[in-house]
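Presented below is the structure to which this report refers.
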Amino acid sequence: MTAAAAVPIRETSAKKPSFDVEGIREDFPILRTKVHGHPLVYLDNAATSQKPQAVIDALVRYYEGQNANIHRGVHYLSQIATEAFEEARETVRAFVNAAQTSEIIFTRGTTEALNLVAQSYGRTNVSAGDEVLISTMEHHSNIVPWQLLCEEKGAKLRVAPINDEGELLLEEYEKLLSPRTKVVGIAHVSNALGTINPLREMIALAHAKGIPVVVDGAQAVPHLKVDVQDLDADFYAFSGHKMYGPTGIGVLYGKHALLDAMPPYQGGGDMISSVTFEKTTYNKLPHKFEAGTPDMAGVAGLKAAIGYMNGIGIERIAAHEHELLEYATEVMGALPGVRLIGTAREKAGVLSFVLDEVHPHDIGTILDQEGIAVRTGHHCAQPVMERFCIPATARASFAVYNTKAEVDALARGIRKVREVFA
Amino acid sequence: MPELRDLYQEVILEHSKAPRNYKALEAANHRAEGYNPLCGDRFTVYLEMDGDKIREIGFQGAGCAISKASASMMTQSVKGRTKAEAEKIFEQFHELVTGHSHDHEAELGKLAVFSGVSEFPMRVKCATLAWHTLEAALEGKQEKISTE
């Protein structure tokens, strides 16, 4: 099956195809699941998205017809596996508009990509007395790697604050960019609040002072068109599993000159040119950062996921999700007792909320009984919870296959929660 | 299929809204803090021990309905008991909420309302957080305990 065959857009007229969400839903086998007797309403997409048949098929196809270790064998299968792997790298390059494929490094996910930058770039360039700047709204995976680095080096972690809407305070951010700042780590989109950060402006401000910027793009790539050159991001990390791809595969984009000057992150096979006990020479980019046998099936799945998203069109995915988020904000915001957490002007994908007197865990259990999957807790962003003086939130997060009817089901579920606790 | 009302029984909802012994004890000679890092629930248990006996008990903190009601009802059930008796109740309570044994429902008295938790495995930690904290306080441990 080609990517084009999976495109679930029905032409209503020659010029204006309508967005056929029901057709899209048919591409995702798991959406047929019944949970406690109800149709599954999957609103936990910021944690991980579901996978279309095209991605599942790509995994099967890989193991049925292509599996062999890459970059090594001279035999037939190794050759086609290697070609498929490198083709996928080109697909990813085009997807985020990187200048060259050597700037695309496959990792296990966003977390590993961010750790790679902190450990390789960070350990080389950050010393005692230096500063690393992040923001209040970071996911733990864009906090802890920097903390580890700062502890080791005797450097200081600085944090740019946010306002009550969950928006970054740009002026404060600018003030915190000091001569000692050696690197900035920032989320493109907040996983707990949904805020879209003004990345281009933030990167330009950092670059004006010669500071490189590492972007956690895990929550952005599934929802927005990302162009790393337009953003002028120095590093950009994202995960396959949040954008309809398999788990265990992610990407680090890095500018060639930066990556080239960095020492390897892990040692092993594939990342070397030659090894003797006296001296090892490292392989060229991107292989220098891909030690060991990579997740080749995952890469095949990621390629299929990008094909699937491109088939629908990122702009159309974004428009559909934006409409859903606006609708959900209106419907949920109107429910008595509901307080939305994260009301930034620019948002994507996420609706976090708390309910008077009812703990998010109780909300989660009661919604689950209605077949509705939301995330409850601190969303690996404890500093955000602290900022809003709450222990946790309930979070509904959207994907291309969600519908307004599902938002209505969520609202009915919340009414039920209030009934239980009345 | 598990029923919501088995979990959110009236008694549990009532205790979560108006927890008993919800206070810090000035004269506490044992205390411990319990924390569930997965959901952020956090409770402190205060004990005034008279030798081996729990003369007075109080708790404070934040958590879901299950964890708060469990803490509240725990304070009622162990007040006036010895350390060994309290530990035995916890053992029986733990067997009940994990679904391992319903043999002690009669002995557990009011605490038997938590039997529905066994149908909701994700919520066992909510029901046992205060109890783990009590155990730590009885042991005289001062460090923070965690469900993880």
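Residue names in the structure tokens use chain letters A, B, ... in the order shown, residue numbers from 1 in each chain, and ligand numbers from 1 in the order shown.
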
(message) Neighbouring residues of Leu149 (chain A) were defined as those with any atom within 12 Å, considering only C-alpha atoms; residues of the same chain fewer than 2 positions away were excluded. Please report them as a ChimeraX atom specification.
(response) /A:114-128,130-132,142-147,151-157,182-183

Could you write out the selected residues, including N, CA and C atoms, as a compact mmCIF listing (two decimals), in the first residue's frame?
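Result file follows (out-v3.txt):
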```
# COMPACT_ATOMS: atom_id res chain seq x y z
N LEU A 114 17.75 14.78 23.82
CA LEU A 114 18.11 15.90 24.70
C LEU A 114 19.31 15.52 25.58
N ASN A 115 19.33 14.27 26.03
CA ASN A 115 20.48 13.81 26.82
C ASN A 115 21.75 13.82 25.98
N LEU A 116 21.60 13.46 24.71
CA LEU A 116 22.76 13.47 23.80
C LEU A 116 23.36 14.89 23.75
N VAL A 117 22.49 15.87 23.57
CA VAL A 117 22.99 17.26 23.46
C VAL A 117 23.62 17.71 24.78
N ALA A 118 22.94 17.39 25.89
CA ALA A 118 23.46 17.83 27.20
C ALA A 118 24.81 17.17 27.48
N GLN A 119 24.91 15.88 27.15
CA GLN A 119 26.14 15.15 27.47
C GLN A 119 27.28 15.45 26.50
N SER A 120 26.94 15.60 25.23
CA SER A 120 28.01 15.81 24.25
C SER A 120 28.33 17.30 24.08
N TYR A 121 27.33 18.07 23.64
CA TYR A 121 27.57 19.51 23.47
C TYR A 121 27.80 20.16 24.84
N GLY A 122 26.94 19.81 25.79
CA GLY A 122 26.97 20.44 27.10
C GLY A 122 28.29 20.23 27.84
N ARG A 123 28.72 18.98 27.90
CA ARG A 123 29.95 18.69 28.66
C ARG A 123 31.18 19.33 28.01
N THR A 124 31.11 19.57 26.71
CA THR A 124 32.23 20.19 26.02
C THR A 124 32.24 21.70 26.20
N ASN A 125 31.05 22.28 26.31
CA ASN A 125 30.96 23.74 26.24
C ASN A 125 30.54 24.44 27.53
N VAL A 126 30.11 23.68 28.53
CA VAL A 126 29.66 24.31 29.78
C VAL A 126 30.69 24.03 30.87
N SER A 127 31.11 25.10 31.56
CA SER A 127 32.10 24.94 32.63
C SER A 127 31.58 25.56 33.92
N ALA A 128 32.39 25.44 34.96
CA ALA A 128 32.02 25.99 36.28
C ALA A 128 31.70 27.48 36.14
N ASP A 130 29.26 28.77 34.55
CA ASP A 130 28.40 29.04 33.39
C ASP A 130 26.93 28.81 33.75
N GLU A 131 26.06 29.19 32.83
CA GLU A 131 24.63 29.02 33.07
C GLU A 131 23.95 28.30 31.90
N VAL A 132 22.92 27.53 32.25
CA VAL A 132 22.05 26.91 31.25
C VAL A 132 20.67 27.48 31.52
N ASN A 142 13.54 17.85 29.71
CA ASN A 142 14.32 19.02 29.32
C ASN A 142 14.76 19.80 30.57
N ILE A 143 14.66 19.18 31.72
CA ILE A 143 15.15 19.76 32.98
C ILE A 143 16.30 18.92 33.50
N VAL A 144 16.00 17.63 33.70
CA VAL A 144 16.95 16.76 34.41
C VAL A 144 18.29 16.58 33.67
N PRO A 145 18.30 16.41 32.33
CA PRO A 145 19.61 16.29 31.67
C PRO A 145 20.49 17.52 31.92
N TRP A 146 19.87 18.70 31.99
CA TRP A 146 20.63 19.94 32.24
C TRP A 146 21.06 20.03 33.68
N GLN A 147 20.20 19.53 34.58
CA GLN A 147 20.58 19.51 36.00
C GLN A 147 21.79 18.62 36.22
N GLU A 151 25.25 19.98 37.68
CA GLU A 151 25.84 19.40 38.90
C GLU A 151 27.28 18.97 38.64
N GLU A 152 27.48 18.30 37.52
CA GLU A 152 28.81 17.80 37.20
C GLU A 152 29.81 18.94 37.00
N LYS A 153 29.35 20.01 36.35
CA LYS A 153 30.26 21.07 35.95
C LYS A 153 30.34 22.23 36.94
N GLY A 154 29.43 22.24 37.92
CA GLY A 154 29.37 23.40 38.81
C GLY A 154 28.78 24.60 38.09
N ALA A 155 27.88 24.33 37.14
CA ALA A 155 27.20 25.40 36.42
C ALA A 155 25.83 25.65 37.07
N LYS A 156 25.16 26.70 36.62
CA LYS A 156 23.89 27.07 37.25
C LYS A 156 22.74 26.95 36.26
N LEU A 157 21.65 26.34 36.72
CA LEU A 157 20.45 26.22 35.89
C LEU A 157 19.56 27.43 36.17
N LYS A 182 25.45 29.47 28.35
CA LYS A 182 26.15 28.70 27.32
C LYS A 182 25.19 27.95 26.41
N VAL A 183 23.97 27.72 26.89
CA VAL A 183 23.00 27.01 26.06
C VAL A 183 21.58 27.27 26.61
```

(request) When you get a sec, could you note down which chain A residues fall within 6 Å of chain B, using only C-alpha atoms, as a PyMOL selection string? (result) chain A and resi 359+377+391

Generate a file of the selected residues that holds N, CA and C atoms, formatted as a PDB file, in the first residue's frame.
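Just written: again_4.pdb:
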```
ATOM      1  N   HIS A 359     -10.177  15.532  42.889  1.00  0.00           N
ATOM      2  CA  HIS A 359      -8.785  15.314  42.502  1.00  0.00           C
ATOM      3  C   HIS A 359      -8.729  14.704  41.093  1.00  0.00           C
ATOM      4  N   GLY A 377      -2.423  13.738  36.491  1.00  0.00           N
ATOM      5  CA  GLY A 377      -1.178  13.751  37.241  1.00  0.00           C
ATOM      6  C   GLY A 377      -0.415  15.023  36.953  1.00  0.00           C
ATOM      7  N   PRO A 391      -1.720  20.170  42.706  1.00  0.00           N
ATOM      8  CA  PRO A 391      -0.915  18.950  42.742  1.00  0.00           C
ATOM      9  C   PRO A 391      -0.865  18.251  41.385  1.00  0.00           C
TER      10      PRO A 391
END
```

(message) Report as an MDAnalysis selection string all protein, DNA and RNA residues lying within 12 Å of Glu321 (chain A), evaluated on only C-alpha atoms, omitting residues in the same chain fewer than 3 positions from it.
(response) chainID A and resid 19 21 43 45 222:224 314:318 324:329 347:351 397:404 407

(request) For region 394-396 of chain A, please output as a VMD selection string all residues within 12 Å (counting only C-alpha atoms; exclusion window: fewer than 6 positions along the same chain). (result) (chain A and resid 41 to 47 191 to 194 324 to 325 328 to 329 332 338 to 342 348 to 355 358 to 367 372 to 379 385 402 406 to 407 409 to 411 414) or (chain B and resid 39)

Would you list the contacts of Ser273 (chain A) as a PDB file with C-alpha atoms, in the first residue's frame, taking every protein, DNA or RNA residue within 12 Å and counting only C-alpha atoms, but skipping same-chain residues closer than 2 positions in sequence?
```
ATOM      1  CA  HIS A  71      25.801  -0.573   7.076  1.00  0.00           C
ATOM      2  CA  GLY A 267      30.695   4.329  21.785  1.00  0.00           C
ATOM      3  CA  GLY A 268      30.146   1.120  19.875  1.00  0.00           C
ATOM      4  CA  GLY A 269      29.689  -0.304  16.437  1.00  0.00           C
ATOM      5  CA  ASP A 270      28.714   1.832  13.454  1.00  0.00           C
ATOM      6  CA  MET A 271      29.996   5.062  15.050  1.00  0.00           C
ATOM      7  CA  VAL A 275      39.420   0.912  15.940  1.00  0.00           C
ATOM      8  CA  THR A 276      42.765  -0.090  17.377  1.00  0.00           C
ATOM      9  CA  LYS A 279      43.366   5.008  18.704  1.00  0.00           C
ATOM     10  CA  THR A 280      39.831   4.982  17.375  1.00  0.00           C
ATOM     11  CA  THR A 281      38.681   7.321  14.635  1.00  0.00           C
ATOM     12  CA  TYR A 282      35.025   8.170  14.617  1.00  0.00           C
ATOM     13  CA  ASN A 283      32.668   7.803  11.737  1.00  0.00           C
ATOM     14  CA  LYS A 284      31.339  10.838   9.908  1.00  0.00           C
ATOM     15  CA  LEU A 285      27.945  12.405  10.604  1.00  0.00           C
ATOM     16  CA  HIS A 287      26.756   7.825  12.117  1.00  0.00           C
ATOM     17  CA  LYS A 288      29.105   9.234  14.768  1.00  0.00           C
ATOM     18  CA  ALA A 291      26.356   3.669  18.113  1.00  0.00           C
TER      19      ALA A 291
END
```

(request) Pick out each residue of region 9-98 of chain B that DSSP on the backbone tags as helix (DSSP H, G or I); I need them as a ChimeraX atom specification. (result) /B:10-17,65-78,83-97

(message) When you count only C-alpha atoms, which of these residues is closest to Thr75 (chain B): B:Val117, B:Ala127, B:Ala112, B:Ile54?
(response) B:Ile54

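Within region 80-202 of chain A, the backbone-based DSSP assignment of strand (DSSP E or B) covers Ile104, Ile105, Phe106, Thr107, Glu131, Val132, Leu133, Ile134, Ser135, Lys156, Leu157, Arg158, Val159, Ala160, Ile162, Leu168, Thr181, Lys182, Val183, Val184, Gly185, Ile186, Ala187, Val189, Thr195 and Ile196 of chain A.
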
Write the residues of the preceding selection, restricted to N, CA and C atoms, as a PDB file, in the first residue's frame.
```pdb
ATOM      1  N   ILE A 104      20.461  14.679  10.562  1.00  0.00           N
ATOM      2  CA  ILE A 104      19.359  13.904  11.155  1.00  0.00           C
ATOM      3  C   ILE A 104      19.932  12.672  11.848  1.00  0.00           C
ATOM      4  N   ILE A 105      19.810  12.651  13.177  1.00  0.00           N
ATOM      5  CA  ILE A 105      20.340  11.528  13.961  1.00  0.00           C
ATOM      6  C   ILE A 105      19.163  10.778  14.569  1.00  0.00           C
ATOM      7  N   PHE A 106      19.140   9.472  14.360  1.00  0.00           N
ATOM      8  CA  PHE A 106      18.077   8.670  14.967  1.00  0.00           C
ATOM      9  C   PHE A 106      18.433   8.345  16.414  1.00  0.00           C
ATOM     10  N   THR A 107      17.459   8.546  17.292  1.00  0.00           N
ATOM     11  CA  THR A 107      17.630   8.263  18.721  1.00  0.00           C
ATOM     12  C   THR A 107      16.453   7.404  19.168  1.00  0.00           C
ATOM     13  N   GLU A 131      26.061  29.195  32.834  1.00  0.00           N
ATOM     14  CA  GLU A 131      24.627  29.021  33.068  1.00  0.00           C
ATOM     15  C   GLU A 131      23.950  28.303  31.903  1.00  0.00           C
ATOM     16  N   VAL A 132      22.922  27.534  32.246  1.00  0.00           N
ATOM     17  CA  VAL A 132      22.050  26.909  31.253  1.00  0.00           C
ATOM     18  C   VAL A 132      20.668  27.484  31.515  1.00  0.00           C
ATOM     19  N   LEU A 133      20.011  27.971  30.466  1.00  0.00           N
ATOM     20  CA  LEU A 133      18.703  28.605  30.642  1.00  0.00           C
ATOM     21  C   LEU A 133      17.597  27.720  30.068  1.00  0.00           C
ATOM     22  N   ILE A 134      16.598  27.436  30.917  1.00  0.00           N
ATOM     23  CA  ILE A 134      15.413  26.697  30.453  1.00  0.00           C
ATOM     24  C   ILE A 134      14.177  27.507  30.879  1.00  0.00           C
ATOM     25  N   SER A 135      12.977  26.920  30.831  1.00  0.00           N
ATOM     26  CA  SER A 135      11.791  27.661  31.261  1.00  0.00           C
ATOM     27  C   SER A 135      10.991  26.843  32.262  1.00  0.00           C
ATOM     28  N   LYS A 156      25.157  26.703  36.617  1.00  0.00           N
ATOM     29  CA  LYS A 156      23.895  27.070  37.246  1.00  0.00           C
ATOM     30  C   LYS A 156      22.736  26.951  36.262  1.00  0.00           C
ATOM     31  N   LEU A 157      21.649  26.336  36.724  1.00  0.00           N
ATOM     32  CA  LEU A 157      20.447  26.217  35.892  1.00  0.00           C
ATOM     33  C   LEU A 157      19.563  27.426  36.173  1.00  0.00           C
ATOM     34  N   ARG A 158      19.260  28.221  35.159  1.00  0.00           N
ATOM     35  CA  ARG A 158      18.380  29.379  35.321  1.00  0.00           C
ATOM     36  C   ARG A 158      17.054  29.059  34.638  1.00  0.00           C
ATOM     37  N   VAL A 159      15.971  29.659  35.160  1.00  0.00           N
ATOM     38  CA  VAL A 159      14.642  29.297  34.677  1.00  0.00           C
ATOM     39  C   VAL A 159      13.848  30.539  34.282  1.00  0.00           C
ATOM     40  N   ALA A 160      13.451  30.637  33.035  1.00  0.00           N
ATOM     41  CA  ALA A 160      12.630  31.759  32.565  1.00  0.00           C
ATOM     42  C   ALA A 160      11.188  31.536  33.013  1.00  0.00           C
ATOM     43  N   ILE A 162       6.914  32.052  33.638  1.00  0.00           N
ATOM     44  CA  ILE A 162       5.707  32.148  32.795  1.00  0.00           C
ATOM     45  C   ILE A 162       4.640  32.934  33.544  1.00  0.00           C
ATOM     46  N   LEU A 168       5.289  32.208  28.214  1.00  0.00           N
ATOM     47  CA  LEU A 168       6.637  32.588  28.631  1.00  0.00           C
ATOM     48  C   LEU A 168       6.752  34.116  28.675  1.00  0.00           C
ATOM     49  N   THR A 181      25.555  32.518  29.945  1.00  0.00           N
ATOM     50  CA  THR A 181      24.659  31.491  29.387  1.00  0.00           C
ATOM     51  C   THR A 181      25.337  30.774  28.232  1.00  0.00           C
ATOM     52  N   LYS A 182      25.451  29.472  28.351  1.00  0.00           N
ATOM     53  CA  LYS A 182      26.149  28.705  27.321  1.00  0.00           C
ATOM     54  C   LYS A 182      25.187  27.946  26.413  1.00  0.00           C
ATOM     55  N   VAL A 183      23.974  27.721  26.893  1.00  0.00           N
ATOM     56  CA  VAL A 183      22.997  27.008  26.064  1.00  0.00           C
ATOM     57  C   VAL A 183      21.584  27.270  26.615  1.00  0.00           C
ATOM     58  N   VAL A 184      20.612  27.306  25.690  1.00  0.00           N
ATOM     59  CA  VAL A 184      19.205  27.473  26.072  1.00  0.00           C
ATOM     60  C   VAL A 184      18.463  26.198  25.681  1.00  0.00           C
ATOM     61  N   GLY A 185      17.613  25.692  26.605  1.00  0.00           N
ATOM     62  CA  GLY A 185      16.761  24.537  26.308  1.00  0.00           C
ATOM     63  C   GLY A 185      15.304  24.959  26.455  1.00  0.00           C
ATOM     64  N   ILE A 186      14.508  24.776  25.399  1.00  0.00           N
ATOM     65  CA  ILE A 186      13.133  25.279  25.465  1.00  0.00           C
ATOM     66  C   ILE A 186      12.182  24.353  24.714  1.00  0.00           C
ATOM     67  N   ALA A 187      10.976  24.191  25.280  1.00  0.00           N
ATOM     68  CA  ALA A 187       9.946  23.404  24.595  1.00  0.00           C
ATOM     69  C   ALA A 187       9.332  24.249  23.489  1.00  0.00           C
ATOM     70  N   VAL A 189       6.312  23.361  22.188  1.00  0.00           N
ATOM     71  CA  VAL A 189       4.945  23.358  22.716  1.00  0.00           C
ATOM     72  C   VAL A 189       4.974  22.672  24.084  1.00  0.00           C
ATOM     73  N   THR A 195       0.868  25.506  25.537  1.00  0.00           N
ATOM     74  CA  THR A 195       1.406  26.780  25.040  1.00  0.00           C
ATOM     75  C   THR A 195       2.377  26.565  23.874  1.00  0.00           C
ATOM     76  N   ILE A 196       2.191  27.352  22.807  1.00  0.00           N
ATOM     77  CA  ILE A 196       3.196  27.375  21.726  1.00  0.00           C
ATOM     78  C   ILE A 196       4.132  28.548  22.016  1.00  0.00           C
TER      79      ILE A 196
END
```

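Nearest residue to Gly248 (chain A) among A:Glu112, A:Asp368, A:Asp216, A:Glu278 is A:Glu112, counting only C-alpha atoms.
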
(message) Quick one: residues within 12 Å of Glu83 (chain A), only C-alpha atoms, excluding same-chain residues fewer than 2 positions away - as a VMD selection string?
(response) chain A and resid 66 to 72 76 to 81 85 to 90 296 299 to 300

(message) Using only C-alpha atoms, which protein or nucleic acid residues come within 10 Å of Phe235 (chain A)? Drop anything in the same chain fewer than 3 positions from it, and give the result as an NGL selection string.
(response) :A and (103 or 113-114 or 117 or 185 or 212-217 or 228 or 232 or 252-256 or 258-259)

C-alpha atoms of the current selection, written as a PDB file, in the first residue's frame:
```pdb
ATOM      1  CA  GLU A 103      22.003  16.558  10.376  1.00  0.00           C
ATOM      2  CA  ALA A 113      18.086  13.263  21.943  1.00  0.00           C
ATOM      3  CA  LEU A 114      18.109  15.897  24.701  1.00  0.00           C
ATOM      4  CA  VAL A 117      22.988  17.255  23.461  1.00  0.00           C
ATOM      5  CA  GLY A 185      16.761  24.537  26.308  1.00  0.00           C
ATOM      6  CA  PRO A 212      22.739  28.089  20.807  1.00  0.00           C
ATOM      7  CA  VAL A 213      19.188  26.851  21.421  1.00  0.00           C
ATOM      8  CA  VAL A 214      18.060  23.252  21.948  1.00  0.00           C
ATOM      9  CA  VAL A 215      14.365  22.714  21.230  1.00  0.00           C
ATOM     10  CA  ASP A 216      12.179  19.993  22.740  1.00  0.00           C
ATOM     11  CA  GLY A 217       9.796  19.533  19.830  1.00  0.00           C
ATOM     12  CA  VAL A 228      14.205  23.909  11.525  1.00  0.00           C
ATOM     13  CA  ASP A 232      17.094  28.699  12.950  1.00  0.00           C
ATOM     14  CA  LEU A 252      17.732  14.755  16.898  1.00  0.00           C
ATOM     15  CA  TYR A 253      18.268  17.448  14.326  1.00  0.00           C
ATOM     16  CA  GLY A 254      21.469  19.434  14.804  1.00  0.00           C
ATOM     17  CA  LYS A 255      23.286  21.975  12.677  1.00  0.00           C
ATOM     18  CA  HIS A 256      26.112  20.235  10.874  1.00  0.00           C
ATOM     19  CA  LEU A 258      27.778  21.996  15.796  1.00  0.00           C
ATOM     20  CA  LEU A 259      27.363  18.224  15.508  1.00  0.00           C
TER      21      LEU A 259
END
```

(request) Return the single residue from A:Tyr265, A:Val96, A:Pro52, A:Leu177 that is closest to Val221 (chain A), with distances computed using only C-alpha atoms. (result) A:Val96

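Considering only C-alpha atoms, the residue among A:Gly37, A:Gly65, A:Gly23, A:Pro198 positioned nearest to Ala297 (chain A) is A:Gly65.
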
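In this model, the gap between CA of Gly337 (chain A) and CA of Ser72 (chain B) comes to 25.0 Å.
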
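Taking CA of Ala237 (chain A) and CA of Ile203 (chain A) as endpoints, the distance between them is 15.0 Å.
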
(message) With distances taken over only C-alpha atoms, which residue among B:Val124, B:Ala86, B:Ile57, B:Leu108 lies nearest Lys23 (chain B)?
(response)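 Checking each of B:Val124, B:Ala86, B:Ile57, B:Leu108 against Lys23 (chain B), counting only C-alpha atoms, the winner is B:Ile57.
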
(message) Could you check the closest approach to Phe43 (chain B) for each of B:Arg55, B:Lys68, B:His30, B:His102 and tell me which residue wins, using only C-alpha atoms?
(response)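 So, comparing all the options, the nearest one is B:Lys68.
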